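In what follows, a single structure is set out as structure tokens and then discussed.
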Amino acid sequence: MTDLSAQIAAEAVAAAEGGPPVAVATLIRVPPDGLPPGAKMLVRPDRSRLGDLGRGPFEEAVVADALAALSAVRRRSFQTLDYVASGDRVAGAARPEAKSAAFYQVMLEVVEARPVLLVVGAGHVGQAVARLGGFAGFSVVVLDDRPEFASRERLPEADRVLCGDIVESLRAFPIDAGTYVVVVSRGHRQDELALREVVTSEAAYVGMIGSRRRAGAVLQHLLDEGFSQEALKRVRTPIGLNIGAETPEEIAVSIIAEIIQARRGGTGRAMAEGQAAKTSQQRTGVR
């Protein structure tokens, strides 16, 4: 490994372990007279970079796309992007240089710390959410005020288990734009206490379990207390995607699916529906 490769790898590891996020661009296809495939460039949020892709307009276009990827609310971990030497992006069949191979193909990877899944409530649903959240790549923290529920034995998949007063614990917790909050506590009162502490936070996602009637009562109480409609509209409740879930495990699947949708910008529609619509457009000539 060259010194430059080692530096890029070290900075990427630091980003994954909690440092500032970075984007790593790797050339995977180049014109005959270009840099060799495998060349890398690391881009930081402040526009500084480590390594280069030959300078010029192509490199500047990659830097711009890397910065856009780093600043996106709904970040994609990986993208494969095609460019011509002028820096213009091209894609698929629209790529006029496909036959001559006079284009660059870049794999763009955003490297950042794992997002945090903060689960308020360690009952059966919270336990299942913690298990699936860890599997989905989140750093899982579970909070409950009941020692018999907030235990490492019950929650082995969690990175941290917090047992303490709900309000005090949430006030002390560092909630930021990389935090996804799931309120699945044991009752109406605990839900309201938790929501009051997180609804105006920077959290990327706030979801609360409960029927429309129960959730509506909690939201109305907060509205009466002076919380804004704008803040309350952020709350996903009833929580999760509508997949007909009944068991705690199925409910957890619907919750994690909604969180992934919020994080990645998905539609929540069945993949087959999207394909059917695309096929129909192709058959009818609709674009």
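The way I read the labels, and the way they are meant: chains A, B, ... in the order of the structure tokens, residue 1 as the first residue of every chain, and ligand 1 as the first ligand shown, with later ones counted on from there.
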Next on the checklist: When you look at stretch 155-164 of chain A with a cut-off of 9 Å (counting only C-alpha atoms), what residues show up, excluding the ones that are within fewer than 2 positions of it in the same chain? I need them as a list in words.
Outcome noted: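 The neighbour list is Ala122, Gln127, Ala130, Arg131, Leu132, Gly133, Gly134, Phe135, Ser139, Val140, Val141, Val142, Leu143, Asp144, Asp145, Arg146, Pro147, Phe149, Ala150, Ser151, Arg152, Glu153, Ile166, Val167, Glu168 and Ser169 of chain A.
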Write a file of the just-selected residues containing C-alpha atoms, as a compact mmCIF listing (two decimals), in the first residue's frame.
```txt
# COMPACT_ATOMS: atom_id res chain seq x y z
CA ALA A 122 -37.23 -1.83 26.41
CA GLN A 127 -36.26 -5.33 22.28
CA ALA A 130 -32.94 -3.02 19.00
CA ARG A 131 -32.19 -6.42 17.51
CA LEU A 132 -33.14 -5.41 13.98
CA GLY A 133 -31.53 -1.99 14.29
CA GLY A 134 -28.16 -3.54 15.02
CA PHE A 135 -28.57 -5.89 12.08
CA SER A 139 -25.42 1.91 16.76
CA VAL A 140 -28.25 0.98 19.11
CA VAL A 141 -28.97 2.68 22.44
CA VAL A 142 -31.94 1.54 24.52
CA LEU A 143 -33.40 3.60 27.37
CA ASP A 144 -35.89 2.47 30.00
CA ASP A 145 -36.56 3.41 33.61
CA ARG A 146 -37.23 -0.19 34.68
CA PRO A 147 -34.12 -2.13 35.77
CA PHE A 149 -36.18 -4.40 31.37
CA ALA A 150 -33.10 -2.23 30.81
CA SER A 151 -30.57 -5.01 31.22
CA ARG A 152 -27.71 -6.27 29.10
CA GLU A 153 -29.10 -9.82 29.37
CA ILE A 166 -36.67 9.15 30.98
CA VAL A 167 -36.57 12.95 31.04
CA GLU A 168 -33.16 13.31 32.65
CA SER A 169 -31.63 10.64 30.44
```
Next on the checklist: Just list as a list in words whatever in stretch 145-214 of chain A DSSP marks as alpha helix (DSSP H).
Outcome noted: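 Residues of stretch 145-214 of chain A classed as alpha helix (DSSP H): Ile166, Val167, Glu168, Ser169, Leu170, Arg171, Ala172, His188, Arg189, Gln190, Asp191, Glu192, Leu193, Ala194, Leu195, Arg196, Glu197, Val198, Arg212, Arg213 and Arg214 of chain A.
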Let me see the file: selected residues, C-alpha atoms, as an mmCIF file, in the first residue's frame.
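Result file follows (out.cif):
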```
data_model
loop_
_atom_site.group_PDB
_atom_site.id
_atom_site.type_symbol
_atom_site.label_atom_id
_atom_site.label_comp_id
_atom_site.auth_asym_id
_atom_site.auth_seq_id
_atom_site.Cartn_x
_atom_site.Cartn_y
_atom_site.Cartn_z
ATOM 1 C CA ILE A 166 -36.669 9.150 30.984
ATOM 2 C CA VAL A 167 -36.575 12.949 31.035
ATOM 3 C CA GLU A 168 -33.162 13.308 32.647
ATOM 4 C CA SER A 169 -31.626 10.639 30.439
ATOM 5 C CA LEU A 170 -32.931 12.199 27.228
ATOM 6 C CA ARG A 171 -31.780 15.667 28.249
ATOM 7 C CA ALA A 172 -28.293 14.287 28.773
ATOM 8 C CA HIS A 188 -49.208 7.126 27.302
ATOM 9 C CA ARG A 189 -47.469 9.115 30.050
ATOM 10 C CA GLN A 190 -43.965 7.850 29.254
ATOM 11 C CA ASP A 191 -44.504 8.480 25.537
ATOM 12 C CA GLU A 192 -45.471 12.075 26.237
ATOM 13 C CA LEU A 193 -42.515 12.664 28.554
ATOM 14 C CA ALA A 194 -40.112 11.280 25.953
ATOM 15 C CA LEU A 195 -41.641 13.098 23.003
ATOM 16 C CA ARG A 196 -41.515 16.412 24.840
ATOM 17 C CA GLU A 197 -37.723 16.053 25.106
ATOM 18 C CA VAL A 198 -36.986 14.997 21.531
ATOM 19 C CA ARG A 212 -54.121 7.271 16.086
ATOM 20 C CA ARG A 213 -56.352 8.094 19.037
ATOM 21 C CA ARG A 214 -53.619 7.663 21.633
#
```
Next on the checklist: Given only C-alpha atoms as the basis, pick out the residue of A:Val62, A:Leu241, A:Val235, A:Leu27 nearest to A:Arg49.
Outcome noted: A:Val62
Next on the checklist: Considering only strand (DSSP E) as DSSP defines it on the backbone, what residues of stretch 31-270 of chain A qualify? List them as a count of residues only.
Outcome noted: 49
Next on the checklist: Using only C-alpha atoms, which protein or nucleic acid residues come within 10 Å of stretch 13-21 of chain A? Drop anything in the same chain fewer than 3 positions from it, and give the result as a count of residues only.
Outcome noted: 15
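Atom CA of A:Thr179 sits 18.4 Å away from atom CA of A:Val22.
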Could you make a table, as CSV, of the residues of stretch 97-168 of chain A that have an atom within 7 Å of an atom of stretch 29-39 of chain A, each with its nearest atom pair and distance in Å to one decimal, counting only C-alpha atoms, in chain and number order?
```
residue,atom,partner,partner_atom,distance
A:Ala101,CA,A:Pro31,CA,6.0
A:Ala102,CA,A:Pro31,CA,4.7
A:Phe103,CA,A:Pro31,CA,5.6
A:Tyr104,CA,A:Val30,CA,4.6
A:Gln105,CA,A:Arg29,CA,4.8
```
Could you dump the residues just selected with C-alpha atoms as a PDB file, in the first residue's frame?
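Below is the file that was written, part_15.pdb:
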```
ATOM      1  CA  ALA A 101     -14.859   4.074 -23.847  1.00  0.00           C
ATOM      2  CA  ALA A 102     -13.923   7.771 -23.614  1.00  0.00           C
ATOM      3  CA  PHE A 103     -15.484   8.257 -20.225  1.00  0.00           C
ATOM      4  CA  TYR A 104     -14.607   7.997 -16.553  1.00  0.00           C
ATOM      5  CA  GLN A 105     -16.522   5.829 -14.106  1.00  0.00           C
TER       6      GLN A 105
END
```
